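S.K.: Mind looking over this structure? Questions follow.
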Amino acid sequence: VVGAVGNGNVQGALERFREERLVLEQIADLLRGQLVDLIRSAGIDGTVTARAKDERSFAIKAFRKGYSDPWQQITDKVGGRVVVALPSDVDVVASLVREVLIGAEVEDKRIHPPDTLGYSGVHVTGVLPTSGIPDDLSLVEVQVRTIVQDAWSVVSHRLLYKPLVGLPVSEQRRMMRLAALAEIFDEEVGRVITALEAQPGFDLTPLVLMAEASAFDVGIVGGDRATTLTVLAVVRPTLPDNLDAYQATLEAFVSEQADRIKHLVALRGGGTDAGSLWENMLVGQPEAVVILERLHTRPMELLAVWAEADFPHALLGPFMQLLGVPDP
Amino acid sequence: MDLGTLTLGRAVLHQVGKRQSSQPAAAVVLSEAEAILSDLDKIFILDRLVKALQNHAVSVVSDGEAGSGAELIGSVLANPDSLVPASQGLALRLAQTQHGLSPEGLLLTGEVTDIHGVRGVLVAKLEHEQGIQAVAETTSTGLNTYSVSLIPDLLLSDAGKVYKVALFPVPQATGPMEGQVVDRQAPGRDVARYFLELFLVCRLKEQADVVTERFFGATQKYIARLEDASQAAGLQVALLTEMQANTNSVNPVAFARRHLPPTAQDAYLSWLREQNVPPRPFAKDTGRIGTKISLVRIDVEGSVTVLAPAASIRTEENPDGSVTVESAQSDTITIRGHVTNVSGGRRRGQR
């Protein structure tokens with residue numbers, strides 16, 4: 001579809017675009033930074049890109065769409081994109097973006113009519129809060145997609161829109177099947193994630209991974225995962241709610257005590273003679289570093305939850321001895 | 001020394017019998033060589049001794065007496081080759097100095113080293129314990145059963161206690177040798193009865209009344225910092241009760257557990273450490289805080305009773321005859337009425 005070619009409004013909009021080009025790039029940088037902070041604070045894995053539209057794309061869009069006021073009507077002069085792994089994260093990120101942008105409007109492109117090809121994400125358009133920049137300049141569009149939606153978008157753009165000739169019906173059907181496949185892929189991933197989150201101990205996963213990473217630094221490798229989960233489930237209430245902050249605490253503790261912990265593991269860890277004594281059974285386990293950190297920082301709290309769980313007190317013996325924690 | 005990272009090297013064991021009242025010394029069976037110990041044996045033994053040290057030791061200073069236990073330990077620190085003869089000397093000295101109620105046992109003298117390479121000598125009296133051993137057997141008719149027998153000479157069982165331990169590191173500076181000593185049979189000042197004063201010939205590095213006063217003062221300051229008035233009042237009463245109790249030691253960890261919620265116990269114990277009060281038990285001597293812990297009871301008509309430390313009550317500055325009770329908190333309670341009786345002001349046991 002070709003719009004109102006030669007419209008004077010397009011020429012004016014293009015000149016304005018050229019004048020404001022540098023400001024738009026600054027806004028793109030601001031948007032990128034805000035989006036990165038946004039997903040990081042939400043604990044979501046994803047990739048963020050942002051750009052100011054190039055002049056050629058702006059001109060083509062202005063001509064093709066036949067806008068009466070291209071400058072105002074082209075809302076993606078500055079565009080951002082957040083690509084996340086999980087389908088449920090699309091809604092979370094879109095919601096966060098909507099809270100940030102002023103006068104935000106949301107367009108959910110995941111649902112299309114049955115006879116239409118497509119499987120896209122969610123677009124949020126609004127004004128990025130900036131100091132001293134007019135709203136018509138800081139109007140941005142943020143696309144939030146899963147990796148699969150992003151892949152579909154790239155492939156479909158190349159196969160459906162760029163070719164000068166149309167696809168035969170049989171090939172269009174193939175594209176339809178691909179779109180359906182992409183949608184099913186995301187839905188199934190979502191179902192698996194939901195089932196996984198319902199499994200006992202799932203909420204401990206970040207702590208287990210954190211413990212394993214820190215334990216590796218002092219020579220503790222492997223261990224029995226079921227034991228780790230059992231112990232950390234009891235220790236968890238003594239830890240801060242924000243595990244990201246605790247990670248720094250744990251890493252600093254392990255770094256500071258590395259030589260002493262290595263000494264303990266070398267003397268009583270798995271594979272040593274003393275490791276065969278039952279009271280040393282947790283020394284070679286990854287959760288040992290968390291137990292040690294807790295005994296160092298909050299010994300009485302740890303002892304209280306340990307006793308409440310009816311865990312054998314003797315299992316804390318090697319750790320209390322290393323740190324010199326008085327045994328009440 | 002870094003007690004948590006100690007490793008036990010060579011060790012010698014000697015048997016020291018029970019001293020009969022008619023004998024000048026207990027019977028001794030001396031070893032002539034180092035004990036045969038596997039690495040696992042060493043870890044097992046050292047774990048029990050370190051646990052006793054970490055939970056019950058007091059810091060001591062040698063009096064430098066010739067022939068004393070501390071001097072013999074010093075000779076091993078200076079010359080590791082003297083381990084066997086010096087340990088024999090220690091066993092003989094223990095046999096001469098321990099009283100008639102001390103049970104027989106084995107005296108262990110061993111070399112220890114921490115992760116920083118600091119050497120030390122560990123001396124411990126290991127007393128015999130009893131236990132039951134059950135061995136699976138098959139009867140003559142082919143039935144499975146257990147054969148049970150009493151083992152009367154066990155050492156260092158999980159539930160057993162280590163009563164007497166001394167650890168002296170290589171001195172880092174000139175001057176009297178310093179170490180740490182445990183005596184769980186005679187806690188508090190009685191630690192000096194024979195193991196410390198007669199066997200080792202050492203004295204406590206810091207007198208019990210000084211540590212007690214520091215504990216009392218640090219806890220008072222902690223109470224003053226509490227925002228929860230009921231918790232502060234409860235802890236204040238608990239502190240006075242602890243100080244007045246008929247016990248000869250204070251265990252700060254146990255005190256915290258009894259009187260504070262788990263979430264506050266760590267803060268309290270950290271505060272004590274900052275105030276240079278050890279978290280492990282120490283001998284109690286309230287000699288320096290007598291007036292602060294002696295309670296005065298003031299009965300006022302209308303069944304009102306005020307109970308306050310004697311040192312906190314002032315009357316001489318009040319021309320209207322009122323009585324002021326000072327507290328660490330700034331709260332004020334005014335009671336008006338006729339005082340019917342005033343009593344107390346002395347510690348229990350004082351006259």
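Letters A, B, ... go to the chains of the structure tokens in the order shown; residues in each chain start at 1; ligands are counted from 1 in the same order.
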Quick one: which residues from chain A are at most 12 Å off chain B, using only C-alpha atoms, as a PyMOL selection string?
M.R.: chain A and resi 237-239+257-268+272-280+294-308+313-314+317-328
S.K.: At a cut-off of 10 Å, using only C-alpha atoms, what residues contact region 59-62 of chain B? Leave out same-chain residues fewer than 4 positions from it and give the result as a VMD selection string.
M.R.: chain B and resid 68 to 71 74 166 to 168 175 to 182 196 to 197 200 to 207
S.K.: Atoms to include: N, CA and C atoms. Write the selected residues as a tab-separated table (two decimals), in the first residue's frame.
M.R.:
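Dumped to again.tsv:
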```
chain	number	residue	atom	x	y	z
B	68	SER	N	57.44	-26.46	87.41
B	68	SER	CA	55.98	-26.43	87.27
B	68	SER	C	55.56	-27.08	85.95
B	69	GLY	N	54.26	-27.39	85.87
B	69	GLY	CA	53.74	-27.95	84.63
B	69	GLY	C	53.96	-27.00	83.47
B	70	ALA	N	53.75	-25.71	83.72
B	70	ALA	CA	53.92	-24.73	82.65
B	70	ALA	C	55.38	-24.70	82.17
B	71	GLU	N	56.31	-24.84	83.11
B	71	GLU	CA	57.72	-24.82	82.70
B	71	GLU	C	58.04	-26.05	81.85
B	74	GLY	N	56.76	-25.44	78.54
B	74	GLY	CA	57.66	-24.49	77.87
B	74	GLY	C	58.90	-25.17	77.32
B	166	ALA	N	44.91	-27.96	78.98
B	166	ALA	CA	45.73	-26.74	78.95
B	166	ALA	C	46.36	-26.63	77.58
B	167	LEU	N	46.37	-25.44	77.03
B	167	LEU	CA	47.01	-25.20	75.73
B	167	LEU	C	47.91	-23.98	75.85
B	168	PHE	N	49.17	-24.19	75.50
B	168	PHE	CA	50.12	-23.08	75.53
B	168	PHE	C	50.79	-22.97	74.16
B	175	GLY	N	58.50	-12.50	78.35
B	175	GLY	CA	57.56	-12.31	79.45
B	175	GLY	C	56.96	-13.64	79.84
B	176	PRO	N	56.05	-13.62	80.80
B	176	PRO	CA	55.46	-14.88	81.27
B	176	PRO	C	54.67	-15.58	80.16
B	177	MET	N	54.74	-16.92	80.21
B	177	MET	CA	54.06	-17.71	79.19
B	177	MET	C	52.54	-17.64	79.42
B	178	GLU	N	51.78	-17.47	78.34
B	178	GLU	CA	50.33	-17.38	78.45
B	178	GLU	C	49.66	-18.56	77.76
B	179	GLY	N	48.53	-18.96	78.28
B	179	GLY	CA	47.82	-20.07	77.65
B	179	GLY	C	46.35	-20.06	78.02
B	180	GLN	N	45.70	-21.18	77.74
B	180	GLN	CA	44.28	-21.31	78.08
B	180	GLN	C	44.06	-22.61	78.82
B	181	VAL	N	43.20	-22.57	79.83
B	181	VAL	CA	43.01	-23.74	80.67
B	181	VAL	C	41.51	-23.99	80.87
B	182	VAL	N	41.17	-25.28	80.88
B	182	VAL	CA	39.79	-25.71	81.15
B	182	VAL	C	39.80	-26.55	82.43
B	196	LEU	N	45.38	-25.70	87.97
B	196	LEU	CA	45.97	-24.42	87.57
B	196	LEU	C	47.10	-24.01	88.51
B	197	GLU	N	46.82	-23.99	89.79
B	197	GLU	CA	47.81	-23.42	90.72
B	197	GLU	C	48.90	-24.40	91.10
B	200	LEU	N	49.97	-26.71	87.08
B	200	LEU	CA	50.57	-25.82	86.07
B	200	LEU	C	51.34	-24.66	86.72
B	201	VAL	N	50.92	-24.25	87.87
B	201	VAL	CA	51.42	-23.06	88.57
B	201	VAL	C	51.22	-21.82	87.68
B	202	CYS	N	49.97	-21.54	87.42
B	202	CYS	CA	49.57	-20.36	86.64
B	202	CYS	C	48.49	-19.62	87.42
B	203	ARG	N	48.19	-18.42	86.96
B	203	ARG	CA	47.09	-17.66	87.55
B	203	ARG	C	46.19	-17.15	86.42
B	204	LEU	N	44.96	-16.82	86.78
B	204	LEU	CA	44.05	-16.28	85.77
B	204	LEU	C	44.61	-14.96	85.23
B	205	LYS	N	44.55	-14.80	83.92
B	205	LYS	CA	45.08	-13.58	83.32
B	205	LYS	C	44.24	-12.37	83.74
B	206	GLU	N	42.95	-12.60	83.86
B	206	GLU	CA	42.08	-11.50	84.25
B	206	GLU	C	41.20	-11.99	85.39
B	207	GLN	N	41.15	-11.22	86.46
B	207	GLN	CA	40.41	-11.65	87.64
B	207	GLN	C	38.91	-11.71	87.36
```
S.K.: If you run DSSP on the backbone, which residues of region 137-304 of chain B are strand (DSSP E or B), as a PyMOL selection string?
M.R.: chain B and resi 137-138+144-154+164-169+178-183+202-204+249-250+282-283+295-300+304
S.K.: As a list of chain:residue names, please: the residues near region 151-156 of chain B (cut-off 6 Å, only C-alpha atoms, same-chain neighbours under 2 positions excluded).
M.R.: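 The contact residues come out as B:His128, B:Glu129, B:Gln130, B:Gly131, B:Ile132, B:Gly160.
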S.K.: For the alpha helix (DSSP H) assignment from backbone DSSP, which residues of region 40-288 of chain A qualify? Please present them as a PyMOL selection string.
M.R.: chain A and resi 40-41+55-65+70-73+87-100+147-156+169-197+205-217+225-235+243-256+258-268+287-288
S.K.: Compile the contact shell of Met175 (chain A) as a list of chain:residue names: residues with an atom at most 10 Å away, counting only C-alpha atoms, same-chain residues fewer than 5 positions apart removed.
M.R.: A:Leu117, A:Gly118, A:Trp152, A:Val155, A:Ser156, A:Leu159, A:Leu160, A:Leu167, A:Val169, A:Ser170, A:Ala180, A:Leu181
S.K.: Write out as a PyMOL selection string which residues come within 7 Å of Pro70 (chain A) when counting only C-alpha atoms, dropping same-chain ones fewer than 4 positions away.
M.R.: chain A and resi 9-10+13+62+74
S.K.: To one decimal place in Å, what is the distance between CA of Leu92 (chain B) and CA of Pro171 (chain B)?
M.R.: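 Result for CA of Leu92 (chain B) versus CA of Pro171 (chain B): 24.7 Å, one decimal.
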S.K.: Compare A:Leu96, A:Val83, A:Val48, A:Ile291 by their minimum atom-to-atom distance to Ala211 (chain A), counting only C-alpha atoms, and give me the closest one.
M.R.: A:Ile291
S.K.: For Leu106 (chain B), list every protein, DNA or RNA residue within 9 Å, evaluated using only C-alpha atoms, and leave out those in the same chain fewer than 3 positions away; present the list as JSON, numbers by chain.
M.R.: {"B": [13, 14, 15, 16, 17, 91, 124, 125, 126, 127, 128, 155]}
S.K.: May I have the residues from that selection written out with C-alpha atoms, as a short mmCIF file (atom, residue, chain, number, x, y, z; two decimals), in the first residue's frame?
M.R.:
```cif
data_model
loop_
_atom_site.label_atom_id
_atom_site.label_comp_id
_atom_site.auth_asym_id
_atom_site.auth_seq_id
_atom_site.Cartn_x
_atom_site.Cartn_y
_atom_site.Cartn_z
CA LEU B 13 50.02 -40.84 76.91
CA HIS B 14 50.76 -41.76 80.52
CA GLN B 15 48.48 -43.40 83.04
CA VAL B 16 47.91 -41.50 86.27
CA GLY B 17 46.08 -43.50 88.92
CA ALA B 91 52.53 -37.06 84.55
CA ALA B 124 44.77 -32.97 78.79
CA LYS B 125 43.69 -35.41 81.41
CA LEU B 126 41.43 -37.98 79.81
CA GLU B 127 39.26 -39.71 82.34
CA HIS B 128 37.82 -43.15 81.87
CA LEU B 155 37.93 -42.44 76.53
#
```
